[in-house]
Structure formats: C-alpha cells, structure tokens
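Colleague: Enclosed is the structure file entry.cif (mmCIF, C-alpha atoms).
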data_start
#
loop_
_atom_site.label_atom_id
_atom_site.label_comp_id
_atom_site.auth_asym_id
_atom_site.auth_seq_id
_atom_site.Cartn_x
_atom_site.Cartn_y
_atom_site.Cartn_z
CA MET A 1 -58.22 230.15 118.84
CA LYS A 2 -58.92 233.75 119.92
CA ARG A 3 -56.36 233.40 122.68
CA LEU A 4 -53.79 232.13 120.15
CA ILE A 5 -54.47 235.04 117.77
CA SER A 6 -54.22 237.48 120.65
CA THR A 7 -50.92 235.95 121.78
CA ASN A 8 -49.49 236.03 118.24
CA THR A 9 -50.56 239.65 117.82
CA THR A 10 -48.87 240.58 121.08
CA ILE A 11 -45.65 238.86 120.03
CA PHE A 12 -45.79 240.53 116.62
CA PHE A 13 -46.07 244.04 118.04
CA PHE A 14 -43.42 243.25 120.66
CA LEU A 15 -40.97 242.23 117.92
CA ILE A 16 -41.81 245.35 115.89
CA SER A 17 -41.11 247.55 118.93
CA ILE A 18 -37.72 245.86 119.46
CA ILE A 19 -36.75 246.30 115.79
CA THR A 20 -37.82 249.94 115.86
CA PHE A 21 -35.83 250.59 119.03
CA PHE A 22 -32.60 249.10 117.70
CA SER A 23 -32.99 250.79 114.33
CA SER A 24 -33.36 254.16 116.07
CA TRP A 25 -30.44 253.41 118.38
CA ASN A 26 -28.16 252.47 115.50
CA ALA A 27 -29.11 255.57 113.57
CA VAL A 28 -28.45 257.86 116.51
CA ASN A 29 -25.31 256.03 117.56
CA GLY A 30 -24.01 256.08 113.99
CA GLU A 31 -24.67 259.79 113.73
CA GLU A 32 -22.91 260.46 117.02
CA THR A 33 -19.92 258.37 115.93
CA LYS A 34 -19.73 260.20 112.64
CA GLU A 35 -19.87 263.59 114.32
CA SER A 36 -17.29 262.62 116.97
CA VAL A 37 -14.59 261.77 114.40
CA ALA A 38 -12.69 264.90 113.40
CA GLN A 39 -10.56 265.68 110.37
CA LEU A 40 -7.18 267.44 110.47
CA GLY A 41 -6.16 269.69 107.59
CA VAL A 42 -2.56 270.88 107.10
CA VAL A 43 -1.72 274.03 105.16
CA ILE A 44 1.04 274.04 102.57
CA THR A 45 2.33 277.36 101.23
CA PRO A 46 5.44 278.58 99.40
CA GLU A 47 6.64 279.70 102.86
CA ASN A 48 6.73 276.23 104.39
CA MET A 49 7.50 274.13 101.31
CA ALA A 50 11.18 273.87 102.22
CA GLN A 51 10.11 272.54 105.63
CA TRP A 52 7.53 270.10 104.29
CA SER A 53 9.70 267.02 104.80
CA GLY A 54 10.06 267.91 108.49
CA ILE A 55 6.36 268.70 108.77
CA SER A 56 5.49 265.33 107.24
CA ASP A 57 7.86 263.53 109.63
CA ARG A 58 6.10 265.08 112.62
CA LEU A 59 2.65 264.29 111.31
CA GLN A 60 3.76 260.71 110.76
CA ALA A 61 5.14 260.56 114.31
CA THR A 62 1.80 261.78 115.61
CA GLY A 63 0.08 259.02 113.67
CA VAL A 64 -2.96 261.11 112.83
CA LYS A 65 -4.69 261.03 109.46
CA TYR A 66 -4.70 264.37 107.65
CA CYS A 67 -5.50 266.08 104.39
CA VAL A 68 -3.61 268.93 102.70
CA VAL A 69 -4.83 272.48 102.07
CA GLU A 70 -3.06 274.39 99.31
CA PHE A 71 -3.36 277.80 100.93
CA ALA A 72 -3.24 279.82 97.73
CA LYS A 73 -6.54 278.23 96.69
CA LEU A 74 -8.40 278.90 99.93
CA GLN A 75 -11.15 281.41 99.10
CA GLN A 76 -14.14 280.72 101.34
CA SER A 77 -15.08 278.87 104.50
CA GLU A 78 -16.84 276.16 102.48
CA ASP A 79 -13.42 275.10 101.22
CA LEU A 80 -12.76 273.81 104.74
CA SER A 81 -16.13 272.11 105.17
CA THR A 82 -14.52 268.67 105.66
CA VAL A 83 -11.92 269.96 108.14
CA SER A 84 -12.41 270.11 111.92
CA ALA A 85 -8.97 271.42 112.87
CA LEU A 86 -6.48 273.24 110.66
CA LEU A 87 -2.72 273.22 111.25
CA LEU A 88 -0.99 276.33 109.87
CA PRO A 89 2.75 275.70 110.21
CA ASN A 90 4.67 278.99 109.96
CA VAL A 91 2.26 280.65 107.50
CA GLU A 92 3.37 284.28 107.64
CA ALA A 93 1.32 285.94 104.89
CA PHE A 94 -2.49 285.97 104.71
CA THR A 95 -4.67 287.83 102.27
CA GLY A 96 -7.82 289.52 103.53
CA GLN A 97 -9.90 286.88 101.76
CA GLN A 98 -8.01 284.03 103.39
CA ALA A 99 -8.37 285.62 106.83
CA GLN A 100 -12.11 286.08 106.30
CA ALA A 101 -12.55 282.50 105.09
CA LEU A 102 -10.73 281.27 108.18
CA ALA A 103 -12.80 283.52 110.47
CA ASP A 104 -16.07 282.27 108.97
CA TRP A 105 -14.92 278.66 109.29
CA MET A 106 -13.87 279.12 112.93
CA SER A 107 -17.15 280.82 113.78
CA GLY A 108 -18.81 277.60 112.62
CA GLY A 109 -16.76 275.49 115.00
CA GLY A 110 -13.39 275.09 113.25
CA LYS A 111 -10.21 274.97 115.38
CA ALA A 112 -6.88 276.47 114.32
CA ILE A 113 -3.40 275.34 115.38
CA VAL A 114 -0.89 278.00 114.36
CA THR A 115 2.87 277.97 114.78
CA GLY A 116 5.81 280.32 114.51
CA PRO A 117 5.33 283.82 113.07
CA THR A 118 1.97 282.94 111.52
CA GLY A 119 0.32 286.07 110.15
CA HIS A 120 3.38 288.18 110.94
CA GLY A 121 3.99 289.05 107.30
CA SER A 122 0.43 290.17 106.56
CA VAL A 123 -0.70 293.76 106.11
CA SER A 124 -1.64 295.67 109.25
CA GLN A 125 -5.42 295.25 109.02
CA VAL A 126 -5.15 291.51 108.43
CA LYS A 127 -2.71 291.21 111.32
CA GLN A 128 -5.26 292.77 113.65
CA GLU A 129 -7.97 290.42 112.43
CA LEU A 130 -5.75 287.38 112.98
CA ARG A 131 -4.73 288.54 116.46
CA SER A 132 -8.37 288.65 117.47
CA LEU A 133 -9.16 285.40 115.70
CA PHE A 134 -6.32 283.37 117.24
CA GLY A 135 -6.46 285.03 120.65
CA ALA A 136 -2.70 285.61 120.48
CA TYR A 137 0.09 286.65 118.13
CA TRP A 138 3.82 286.29 117.56
CA GLY A 139 5.31 289.25 119.43
CA PHE A 140 9.02 288.96 118.76
CA SER A 141 11.80 286.44 118.29
CA LEU A 142 13.91 285.50 121.31
CA SER A 143 17.57 286.46 121.07
CA SER A 144 18.81 283.04 122.17
CA ALA A 145 17.59 279.50 122.76
CA SER A 146 15.46 279.11 125.89
CA THR A 147 13.84 276.22 127.71
CA LEU A 148 10.20 275.57 126.94
CA GLN A 149 8.32 274.78 130.15
CA PRO A 150 4.71 273.56 130.09
CA LEU A 151 2.49 274.90 132.88
CA GLU A 152 -0.46 272.51 132.74
CA THR A 153 1.47 269.24 132.97
CA ALA A 154 4.79 267.78 134.09
CA ASN A 155 5.14 265.79 130.85
CA ASN A 156 8.84 265.88 129.97
CA SER A 157 8.12 265.27 126.28
CA LEU A 158 6.69 268.80 126.12
CA SER A 159 9.87 270.46 127.39
CA ALA A 160 13.04 271.27 125.42
CA THR A 161 15.55 274.03 124.80
CA LEU A 162 15.12 275.73 121.44
CA LEU A 163 14.93 279.08 119.68
CA GLY A 164 11.45 280.54 119.54
CA GLY A 165 9.41 283.65 120.03
CA ALA A 166 7.17 285.33 122.58
CA ILE A 167 3.45 284.74 122.05
CA VAL A 168 1.28 287.63 123.22
CA PRO A 169 -2.26 286.73 124.43
CA THR A 170 -4.98 289.09 123.20
CA LYS A 171 -8.16 287.88 124.92
CA ALA A 172 -9.30 287.44 128.51
CA HIS A 173 -9.84 283.71 127.89
CA SER A 174 -6.44 283.18 126.23
CA THR A 175 -4.56 280.73 128.45
CA THR A 176 -0.78 280.47 128.62
CA ALA A 177 0.03 276.75 128.52
CA ALA A 178 3.84 277.04 128.42
CA ILE A 179 6.48 279.70 128.99
CA TRP A 180 10.09 280.33 128.02
CA ILE A 181 12.44 280.04 131.00
CA SER A 182 14.12 283.44 130.84
CA ASP A 183 14.25 286.67 132.80
CA ARG A 184 10.85 287.75 131.46
CA ARG A 185 9.27 284.28 131.30
CA GLU A 186 7.50 285.07 128.05
CA PRO A 187 4.49 282.95 126.96
CA ALA A 188 5.52 280.16 124.57
CA VAL A 189 2.19 278.38 123.99
CA VAL A 190 -1.26 279.97 124.22
CA PHE A 191 -4.58 278.12 124.02
CA THR A 192 -8.14 279.33 123.55
CA ASP A 193 -11.28 277.28 123.03
CA LYS A 194 -10.81 277.71 119.28
CA SER A 195 -7.07 277.92 118.74
CA ALA A 196 -3.58 276.90 119.81
CA PHE A 197 -0.51 279.04 119.15
CA PHE A 198 3.01 277.53 119.36
CA GLY A 199 5.87 280.00 119.75
CA TRP A 200 8.44 278.29 117.53
CA ARG A 201 8.75 277.20 113.92
CA TRP A 202 6.98 273.86 114.26
CA GLY A 203 8.15 271.27 111.74
CA PHE A 204 11.49 272.94 111.09
CA ASP A 205 14.32 270.45 111.67
CA GLY A 206 16.72 273.17 112.76
CA VAL A 207 14.45 274.25 115.65
CA GLY A 208 12.48 271.59 117.54
CA THR A 209 12.80 267.81 117.48
CA VAL A 210 10.30 265.51 115.85
CA SER A 211 9.23 264.13 119.24
CA LEU A 212 8.70 267.59 120.77
CA ASP A 213 6.63 268.89 117.86
CA ALA A 214 4.58 265.69 117.67
CA ALA A 215 3.88 265.79 121.42
CA TRP A 216 2.59 269.37 121.29
CA LEU A 217 0.44 268.67 118.25
CA GLU A 218 -1.10 265.70 120.05
CA THR A 219 -1.75 267.92 123.07
CA ALA A 220 -3.59 270.47 120.94
CA LEU A 221 -5.58 267.87 119.02
CA ASN A 222 -6.70 266.20 122.25
CA ARG A 223 -8.32 269.49 123.24
CA TYR A 224 -10.34 269.76 120.05
CA GLY A 225 -11.71 266.34 119.19
CA LYS A 226 -11.08 262.70 118.40
CA PHE A 227 -8.97 262.43 115.26
CA PRO A 228 -8.65 259.17 113.31
CA LEU A 229 -5.28 257.50 112.93
CA ALA A 230 -3.51 257.27 109.58
CA ASP A 231 -4.41 254.15 107.62
CA GLY A 232 -1.24 253.96 105.53
CA SER A 233 -2.69 255.65 102.45
CA PRO A 234 -1.10 258.90 101.21
CA PRO A 235 -2.80 262.16 102.22
CA GLN A 236 -5.42 263.65 99.92
CA TYR A 237 -6.32 267.26 99.26
CA CYS A 238 -8.96 268.58 101.67
CA PHE A 239 -10.53 270.38 98.72
CA ASP A 240 -9.62 271.11 95.14
CA PRO A 241 -12.33 270.75 92.53
CA ASP A 242 -9.88 271.45 89.69
CA ARG A 243 -7.28 268.87 90.70
CA THR A 244 -7.43 265.45 89.09
CA GLU A 245 -4.37 263.67 90.52
CA PRO A 246 -5.24 261.83 93.73
CA ASN A 247 -2.35 262.90 95.98
CA PRO A 248 -0.88 266.28 96.93
CA LEU A 249 2.07 267.43 94.86
CA LEU A 250 5.50 267.38 96.37
CA PRO A 251 6.81 270.84 97.25
CA SER A 252 9.23 270.75 94.30
CA GLU A 253 6.35 270.09 91.92
CA LEU A 254 4.35 272.98 93.36
CA ILE A 255 7.32 275.28 92.88
CA GLU A 256 7.68 274.17 89.25
CA ASN A 257 3.98 274.94 88.63
CA GLN A 258 4.41 278.46 89.96
CA GLU A 259 7.40 279.27 87.71
#
Translate the structure described by the file into structure tokens.

Modeller:
Amino acid sequence: MKRLISTNTTIFFFLISIITFFSSWNAVNGEETKESVAQLGVVITPENMAQWSGISDRLQATGVKYCVVEFAKLQQSEDLSTVSALLLPNVEAFTGQQAQALADWMSGGGKAIVTGPTGHGSVSQVKQELRSLFGAYWGFSLSSASTLQPLETANNSLSATLLGGAIVPTKAHSTTAAIWISDRREPAVVFTDKSAFFGWRWGFDGVGTVSLDAAWLETALNRYGKFPLADGSPPQYCFDPDRTEPNPLLPSELIENQE
C-alpha cells in the first residue's frame, strides 16, 4: 500500500511538472509570436490624397496588412502605439509637433519609410530635425529620368528608369542601397537601422510602376520585421478616438470635410 501511494504521488507530481512546463512554454511562445508580428501604418495627407489610388494599388500588390494614419491628427507618439513601421508617401510638410511625435515614436523602436520630397516643405528647423531623424534628406530633383540601380542585390524588380531625386545621407551609418545611373551617380535609396528613404514619388502612377514600388516596399519591410498579410478586410484607422465609422474615408470625402 505504501509503495502504491508513493508511486501515485510520484506520477502526480510528474504530471504537474509537465503541465507547468507546457503552460510556461505556451505563454512565452505566445508572447514571442505576438511581439514578432509587426503593424504597418500608412500616412494620408492633403498632399498625397490625389495619389491615394496609386498608393492603395501598391499596398495591395505588396499584400501586407496596414492601417491608415490621418496625419493632421497626429499629435504625440502614443498615437502610433500600435504601429511598428510607418510609411510616409511624399509627405512634404511637417509641423514641429508632428516631427517631435515621430522622433519620440522612433526612439521607442518605430521604423519610418519615407519617399519623395518628404519634409522638404517644412520650415527650416523642422527640416533639420527630420534630416537627423531619417538619416537622409531629399537634396534636389533630377533634371531627367535616370536608371535606378540597387547596390545590395541583383534583383531586376528593383531596377527601372524613372524621374526622381538625389537623397543625401546625413549620418555615418546611413547606407546607400541604390543609386541613379548618371554622371554623378547620386544616391537613390538610403537605409539606416530606423529608416528607409526612397528618392522618387512612391505611389504616383506617373513616376514608378506598381511592381517597382511594391518591390522596394517589401525590401524595406523585410529589414524591419515580420508583417502580417492582408486578410481581405478594408484597412482601419491606426488611431482616432473621435472617429466612429469603421473604415478610412476616401480622399474625396476628406477633402469635403476640410472645405
């Protein structure tokens, strides 16, 4: 009898140890999975509303799930708390408050993907802040279409001839990932550990193709995390406590609200 009780006790504690182990493993594994899945936010502004159809086409071609940030309502870094990477397609004008919110968010681990003359229309002080933040800036527009040549890969989907601008690196760790084939071989794409800067108006149908823009976005996203694929549902707002409708307004509706 004593031997039986001893054996049963041993089995009982053995089973408890197994249950505890798998419970802990699931909790840790679940936490790691949750942390490894990133969220892409895409900025919409009056500046890129006319291009939004092209931007949407490229996001759809990429296949990544995303939410929408109405830039005029961005006030603090907490507004981007659900976002891991933020795409700013051709956003020329920043306020000081928006630049500070973005800086605070990036200091907490956020990644920015900026395109075209982003920040170029901001006041001088904000321009300087953005140049430091992104590790590069839009220097000037090229006078004619040039061939975009990637330096880190021979992937033909990343090469095309289009009209863009020279991107000027500002930090020692800013890496030129592509150049324009011209006499001066100006940088066309610059990466840092926190940002990617594309030297053309990404999402604009009159500039790059859908496949080119989608390929470069995928390249940038692959550097900054694992992003879930779209599930077929329409995009939601990344934040907007005052908004009650479930889906982002079309650009025409946003324009009507501003009039």

Colleague: So that I can check the surroundings of Trp105 of chain A, please list as a PyMOL selection string every protein, DNA and RNA residue that reaches within 9 Å of it, counting only C-alpha atoms and ignoring chain neighbours fewer than 6 positions away.

Modeller: chain A and resi 76-81+111

Colleague: Starting from the PyMOL selection byres ((chain A and resi 231) around 9), expand the selection into actual residues of this file and give them as a PDB file with C-alpha atoms, in the frame of the given file.

Modeller:
ATOM      1  CA  GLY A  63       0.080 259.020 113.670  1.00  0.00           C
ATOM      2  CA  VAL A  64      -2.960 261.110 112.830  1.00  0.00           C
ATOM      3  CA  LYS A  65      -4.690 261.030 109.460  1.00  0.00           C
ATOM      4  CA  PRO A 228      -8.650 259.170 113.310  1.00  0.00           C
ATOM      5  CA  LEU A 229      -5.280 257.500 112.930  1.00  0.00           C
ATOM      6  CA  ALA A 230      -3.510 257.270 109.580  1.00  0.00           C
ATOM      7  CA  GLY A 232      -1.240 253.960 105.530  1.00  0.00           C
ATOM      8  CA  SER A 233      -2.690 255.650 102.450  1.00  0.00           C
ATOM      9  CA  PRO A 234      -1.100 258.900 101.210  1.00  0.00           C
TER      10      PRO A 234
END

Colleague: A:Val68, A:Met49, A:Leu130, A:Ala61: which is nearest Asp240 of chain A, counting only C-alpha atoms?

Modeller: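 Among the listed residues, A:Val68 lies closest to Asp240 of chain A.
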
Colleague: When distances are computed from only C-alpha atoms, which of A:Gln128, A:Leu148, A:Ala101, A:Pro89 shows the smallest separation from Gly54 of chain A?

Modeller: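 Distance minimum relative to Gly54 of chain A lands on A:Pro89.
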
Colleague: From the set A:Val189, A:Ala196, A:Leu133, A:Leu163, which residue has the shortest atom-to-atom contact distance to Gln149 of chain A, counting all atoms listed in the file?

Modeller: A:Val189

Colleague: Under the rule that only C-alpha atoms are counted, which of A:Asn48, A:Asn222, A:Asn90, A:Thr175 is the nearest residue to Ala188 of chain A?

Modeller: A:Thr175

Colleague: I would like the residues chosen by the PyMOL selection byres ((chain A and resi 56) around 12) on the shown file; could you give them as a ChimeraX atom specification?

Modeller: /A:42-44,48-55,57-68,89,202-205,210,213-214,234-235,250-251

Colleague: Kindly resolve the PyMOL selection byres ((chain A and resi 221) around 10) on the present coordinates and return the residues as a list in words.

Modeller: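 After applying the PyMOL selection byres ((chain A and resi 221) around 10), what remains is Ala38, Leu40, Val64, Ala85, Leu86, Leu87, Lys111, Ala112, Ile113, Ala196, Ala215, Trp216, Leu217, Glu218, Thr219, Ala220, Asn222, Arg223, Tyr224, Gly225, Lys226 and Phe227 of chain A.
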
Colleague: Do you have the atom CA of Asp193 of chain A-atom CA of Trp138 of chain A distance handy?

Modeller: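 That distance, rounded to one decimal, is 18.4 Å.
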
Colleague: Neighbouring residues of Val168 of chain A were defined as those with any atom within 9 Å, considering only C-alpha atoms; residues of the same chain fewer than 6 positions away were excluded. Please report them as a PDB file with C-alpha atoms, in the coordinates of the input.

Modeller:
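Generated output (part_8.pdb):
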ATOM      1  CA  GLY A 135      -6.460 285.030 120.650  1.00  0.00           C
ATOM      2  CA  ALA A 136      -2.700 285.610 120.480  1.00  0.00           C
ATOM      3  CA  TYR A 137       0.090 286.650 118.130  1.00  0.00           C
ATOM      4  CA  TRP A 138       3.820 286.290 117.560  1.00  0.00           C
ATOM      5  CA  GLY A 139       5.310 289.250 119.430  1.00  0.00           C
ATOM      6  CA  GLU A 186       7.500 285.070 128.050  1.00  0.00           C
ATOM      7  CA  PRO A 187       4.490 282.950 126.960  1.00  0.00           C
ATOM      8  CA  ALA A 188       5.520 280.160 124.570  1.00  0.00           C
ATOM      9  CA  VAL A 190      -1.260 279.970 124.220  1.00  0.00           C
TER      10      VAL A 190
END

Colleague: Atom CA of Thr192 of chain A and atom CA of Ser174 of chain A, how far apart in Å?

Modeller: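 Those two atoms sit 5.0 Å apart.
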
Colleague: For a quick check of understanding, using all atoms listed in the file, which of A:Gly121, A:Gly164, A:Gly41, A:Gly206 has the smallest distance to Ser146 of chain A?

Modeller: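 The closest residue to Ser146 of chain A is A:Gly164.
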
Colleague: Grab the atom CA of Val207 of chain A to atom CA of Asp183 of chain A distance for me, in Å with one decimal place.

Modeller: 21.2 Å

Colleague: Smallest atom-to-atom distance to Gln100 of chain A: which of A:Gln75, A:Thr115, A:Ser124, A:Ser141, using only C-alpha atoms?

Modeller: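 Using only C-alpha atoms, the shortest distance to Gln100 of chain A belongs to A:Gln75.
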
Colleague: Using all atoms listed in the file, which protein or nucleic acid residues come within 6 Å of segment 116-119 of chain A? Drop anything in the same chain fewer than 3 positions from it, and give the result as an MDAnalysis selection string.

Modeller: chainID A and resid 90:93 122 138 199:201
